[in-house]
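Take a look at the structure below.
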2 protein chains.
Amino acid sequence: MPVMPDSIDSLKGVSSGAASSPTFSPLYRQIKSLLLQRLESGEWRPGEAIPSESELATRFNVSQGTVRKAIDEMAAENLLIRRQGKGTFVASHDDPRAFFRFLRLVPLSGGIEQAQSVPLECWRAKAGPEVARMLELNIGDPINIVRRLLQFAGKPVVVDEIYLPGSIFGTVTLEMLRDYQGSLYSFFENRFGIRMIRAEERLRAVPADRASAELLRVAEGSPLLSVERVSFSYGDKPVEWRRGLYSTNEHCYFNELG
Amino acid sequence: MPVMPDSIDSLKGVSSGAASSPTFSPLYRQIKSLLLQRLESGEWRPGEAIPSESELATRFNVSQGTVRKAIDEMAAENLLIRRQGKGTFVASHDDPRAFFRFLRLVPLSGGIEQAQSVPLECWRAKAGPEVARMLELNIGDPINIVRRLLQFAGKPVVVDEIYLPGSIFGTVTLEMLRDYQGSLYSFFENRFGIRMIRAEERLRAVPADRASAELLRVAEGSPLLSVERVSFSYGDKPVEWRRGLYSTNEHCYFNELG
DNA sequence: GAGTGGTCTAGACCACAAC
DNA sequence: TTGTGGTCTAGACCACTCG
C-alpha cells in the first residue's frame with residue numbers, strides 16, 4: 001500500500017487566480033518533490049529501477065512530459081540515472097562513476113590507478129565546537145571518528161579524518177570498515193542506508209604535521225593540500241565532515257569550471 | 001544576409017532507414033550546433049539577445065519545442081542566459097556572476113570582498129615545450145606573458161602568470177591591462193572578442209618561491225596553493241594557460257561536488 | 001513483440017517585462 | 001497590449017533492451 005498520496009489533483013492550477021501565489025511551484029517541481037520523498041524514505045533503493053514514466057504519469061495524474069521534466073532535473077543532479085530501453089534507476093555509490101565525482105585526484109602523469117582505502121583507527125567521541133557547527137549538532141553529541149589512508153598503486157597519497165554523527169550512524173567499528181570492499185560512500189549506503197548526494201569542499205595549502213608526514217612519507221612541514229568536506233544527504237542534511245591531507249607530489253586535484 | 005543556411009530540412013529524418021546512422025544526432029542537437037556556429041562567428045555578441053524561440057523555430061523550420069531543447073542545453077552550459085519576458089541572451093564575462101564561476105576563492109571567515117587585479121609585468125616571448133603543449137602551439141610560437149597580483153580588500157592573495165597565444169591575442173601591453181576596468185576575461189571578451197567558456201584546473205600544494213613569497217607577504221617556503229588552468233573557447237580550443245599561487249591563510253578555494 | 005526512454009510536433013495557456 | 005520565455009498536454013514515432 002502506498003504510504004503517500006499518489007495524486008496531486010488538488011495542487012493543479014494553484015497558479016491561477018488573481019494574485020500569483022507566493023509559494024507557487026510548477027507541476028513538474030511538485031512531482032519532483034514527490035519523487036524525492038520516495039527516494040528519501042527508501043521506498044526506492046539505490047540501484048533499483050523506479051516506475052516507468054508512463055506509470056508515474058498515470059499515478060500522479062499528469063502527462064508523461066511533466067513526469068519527464070521532473071526526472072530530467074533529477075538526472076542532471078545525479079540522483080537518478082536514465083538508461084534507454086531499460087528504465088530509470090536510483091543512483092548508487094556502488095557505481096564506479098560516482099567514485100570520481102567525489103574524489104577528484106588524478107596522477108600528474110600516467111593513466112588511471114586503482115585506489116585503496118586503509119582504515120587506521122575508529123573511535124567514538126563527543127562533538128567539539130567545530131564539528132558540531134559543521135554537522136549541525138550540539139556540542140557533546142556522540143560522533144564517530146575514522147582515520148584512514150588512501151593509497152594509489154600501493155603508495156600513500158591521502159590521510160583522512162572523518163567525523164560521522166552517532167545519531168545517524170550509531171557505532172562504526174574498525175572491523176566493519178576493514179571487512180567492507182568498496183568506497184566509503186558505498187559502505188555508508190549499503191550498511192547504513194545513508195546516501196551522500198552533494199558535498200562542499202574547501203581547499204588550502206598547509207604544512208605537514210609530524211603524524212601525517214610519516215604516514216604520507218613526506219618531510220615534516222612540507223606543503224600538503226588540505227581538503228575539508230561537508231557531505232549532504234537528502235534535504236541538504238549534513239551527515240559527514242572530513243578533513244583530508246593530500247600529498248600532491250605525484251597527484252593533483254582536478255577540477256572543471258563550466 | 002545570413003552567412004549560413006537557415007533551414008535544416010535536408011537533415012531531418014537522417015535517423016530513419018534500415019541501419020542506424022553512425023553519425024546520428026537528434027534534431028535539437030543539430031539546432032544547437034547551428035546556434036554554436038552563430039556564437040563562434042560573433043554574429044551574436046556577448047550580452048546581446050538572440051532571436052526569440054519562435055523566430056528561430058520558423059527560421060530553422062522546426063517546432064518551437066525543438067529549439068527550446070537546444071537552448072536548454074546551452075543555458076545549462078552557461079553559454080546562454082534565459083530571462084523570462086525579455087529574451088535569451090549570450091552569456092558575458094561582464095556579468096559578475098561569471099566572475100565567481102572562474103575564481104573560486106572565498107574568505108575563510110567573513111563576507112564577500114571585492115577583488116582587484118594589479119598587472120605587474122607583460123612581455124612577449126616564445127612558447128616553451130610546456131606552454132606549447134598546453135595551448136596546442138608549436139615550440140617557438142609567439143606568446144604573451146602576463147604577471148599580475150590579485151588583491152582582496154587591499155591584501156595580496158594570488159600571484160598569476162598567464163600565457164596567451166600571440167596568434168590569437170596579437171600583442172598585449174601593460175598599458176592595455178592597466179587601463180581596463182573589470183575582470184581579465186571581460187577584458188579578453190571586449191578587447192579581443194575571445195570568450196572563455198570552460199576551464200580545467202589542477203591544484204597542488206607547493207612551497208613559496210622567493211619572488212612569490214615577497215609579493216604575497218608570506219615566508220619563503222611556506223605552503224601555497226598552486227592552481228594551473230587551461231581555458232577553452234568555443235570548439236574546445238585552448239586559448240589561455242595560467243599558473244596561480246594562492247595564499248590560503250585567509251582565503252580558501254571553494255568547490256561544490258554534485 | 002513488448003516495454004522502456006528519447007525525440008518531435010502542435011496547440012493552449014500562464015508568468016513576466018516593456019511599452 | 002504585445003512579445004518573450006515557462007508550463008502542460010496529447011499523440012506520434014524512433015531507438016534501445018530483453019525475452
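Residue numbering restarts at 1 for every chain of the C-alpha cells, chains are lettered A, B, ... in their displayed order, and ligands are numbered from 1 as they appear.
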Sort by chain and increasing residue number a table of all residues of chain A within 8 Å of chain B, each with its closest pair of atoms and their distance in Å to one decimal, counting only C-alpha atoms, and write it as a Markdown table.
```
| residue | atom | partner | partner_atom | distance |
| --- | --- | --- | --- | --- |
| A:Glu77 | CA | B:Gly258 | CA | 6.6 |
| A:Asn78 | CA | B:Gly258 | CA | 7.1 |
| A:Arg101 | CA | B:Leu257 | CA | 6.8 |
| A:Phe102 | CA | B:Leu257 | CA | 6.5 |
| A:Ile197 | CA | B:Gly258 | CA | 6.6 |
| A:Arg198 | CA | B:Gly258 | CA | 4.8 |
| A:Ala199 | CA | B:Leu257 | CA | 5.0 |
| A:Glu200 | CA | B:Glu256 | CA | 4.6 |
| A:Glu201 | CA | B:Asn255 | CA | 5.1 |
| A:Arg202 | CA | B:Phe254 | CA | 4.7 |
| A:Leu203 | CA | B:Tyr253 | CA | 4.9 |
| A:Arg204 | CA | B:Thr248 | CA | 5.4 |
| A:Ala205 | CA | B:Leu225 | CA | 5.2 |
| A:Val206 | CA | B:Pro223 | CA | 5.5 |
| A:Pro207 | CA | B:Pro223 | CA | 6.1 |
| A:Ser222 | CA | B:Pro207 | CA | 7.4 |
| A:Pro223 | CA | B:Pro223 | CA | 4.9 |
| A:Leu224 | CA | B:Ala205 | CA | 5.3 |
| A:Leu225 | CA | B:Ala205 | CA | 5.2 |
| A:Ser247 | CA | B:Ala205 | CA | 8.0 |
| A:Thr248 | CA | B:Arg204 | CA | 5.4 |
| A:Asn249 | CA | B:Arg204 | CA | 8.0 |
| A:His251 | CA | B:Arg204 | CA | 7.9 |
| A:Cys252 | CA | B:Arg204 | CA | 5.5 |
| A:Tyr253 | CA | B:Leu203 | CA | 4.9 |
| A:Phe254 | CA | B:Arg202 | CA | 4.7 |
| A:Asn255 | CA | B:Glu201 | CA | 5.1 |
| A:Glu256 | CA | B:Glu200 | CA | 4.6 |
| A:Leu257 | CA | B:Ala199 | CA | 5.0 |
| A:Gly258 | CA | B:Arg198 | CA | 4.8 |
```
Residue list (strand (DSSP E or B), DSSP) for stretch 15-214 of chain B, as number ranges by chain: B: 49-50, 80-83, 87-90, 105-107, 115-126, 142-152, 155-165, 198-207
Surrounding residues of A:Leu80 excluding itself and chain neighbours under 3 positions, 6 Å, only C-alpha atoms (C1' of nucleotides), as a ChimeraX atom specification: /A:74-75,89-91
Select from chain C every residue with an atom at most 12 Å from any atom of chain A, then for each give the shortest pair of atoms and their distance in Å to one decimal, using only C-alpha atoms (C1' of nucleotides), rows by chain and rising number, as CSV.
```
residue,atom,partner,partner_atom,distance
C:DA2,C1',A:Gly85,CA,11.2
C:DG3,C1',A:Gly85,CA,7.7
C:DT4,C1',A:Gly85,CA,4.2
C:DG5,C1',A:Gln84,CA,4.4
C:DG6,C1',A:Gln84,CA,7.5
C:DT7,C1',A:Gly65,CA,11.8
C:DC13,C1',A:Ser16,CA,10.5
C:DC14,C1',A:Ser16,CA,8.0
C:DA15,C1',A:Ser20,CA,8.8
C:DC16,C1',A:Ser20,CA,11.4
```
At a cut-off of 9 Å, list the chain D residues touching chain A, using only C-alpha atoms (C1' of nucleotides), as a PDB file with C-alpha atoms (C1' of nucleotides), in the first residue's frame.
```
ATOM      1  C1'  DT D   7       4.461  25.149 -18.334  1.00  0.00           C
ATOM      2  C1'  DC D   8       1.379  21.466 -19.603  1.00  0.00           C
ATOM      3  C1'  DT D   9      -0.862  18.435 -22.610  1.00  0.00           C
ATOM      4  C1'  DA D  10      -1.744  14.601 -26.139  1.00  0.00           C
ATOM      5  C1'  DA D  15      15.933   3.911 -30.585  1.00  0.00           C
ATOM      6  C1'  DC D  16      17.289   0.607 -27.401  1.00  0.00           C
ATOM      7  C1'  DT D  17      16.890  -3.754 -24.461  1.00  0.00           C
ATOM      8  C1'  DC D  18      15.286  -8.090 -23.489  1.00  0.00           C
TER       9       DC D  18
END
```
Two-atom distance - atom CA of B:Tyr163, atom CA of B:Asn144 (Å):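 So the two atoms, atom CA of B:Tyr163 and atom CA of B:Asn144, lie 5.7 Å apart.
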A:Leu120 environment, 10 Å, only C-alpha atoms (C1' of nucleotides), sequence neighbours closer than 2 positions dropped, as a list in words: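 Listed by chain and then number, they are Ser117, Val118, Cys122, Val146, Arg147, Arg148, Leu149, Val159, Asp160, Glu161, Leu174, Leu177 and Arg178 of chain A.
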DSSP alpha helix (DSSP H) residues within stretch 16-143 of chain A, listed as a PyMOL selection string: chain A and resi 27-41+53-60+64-76+96-102+129-135
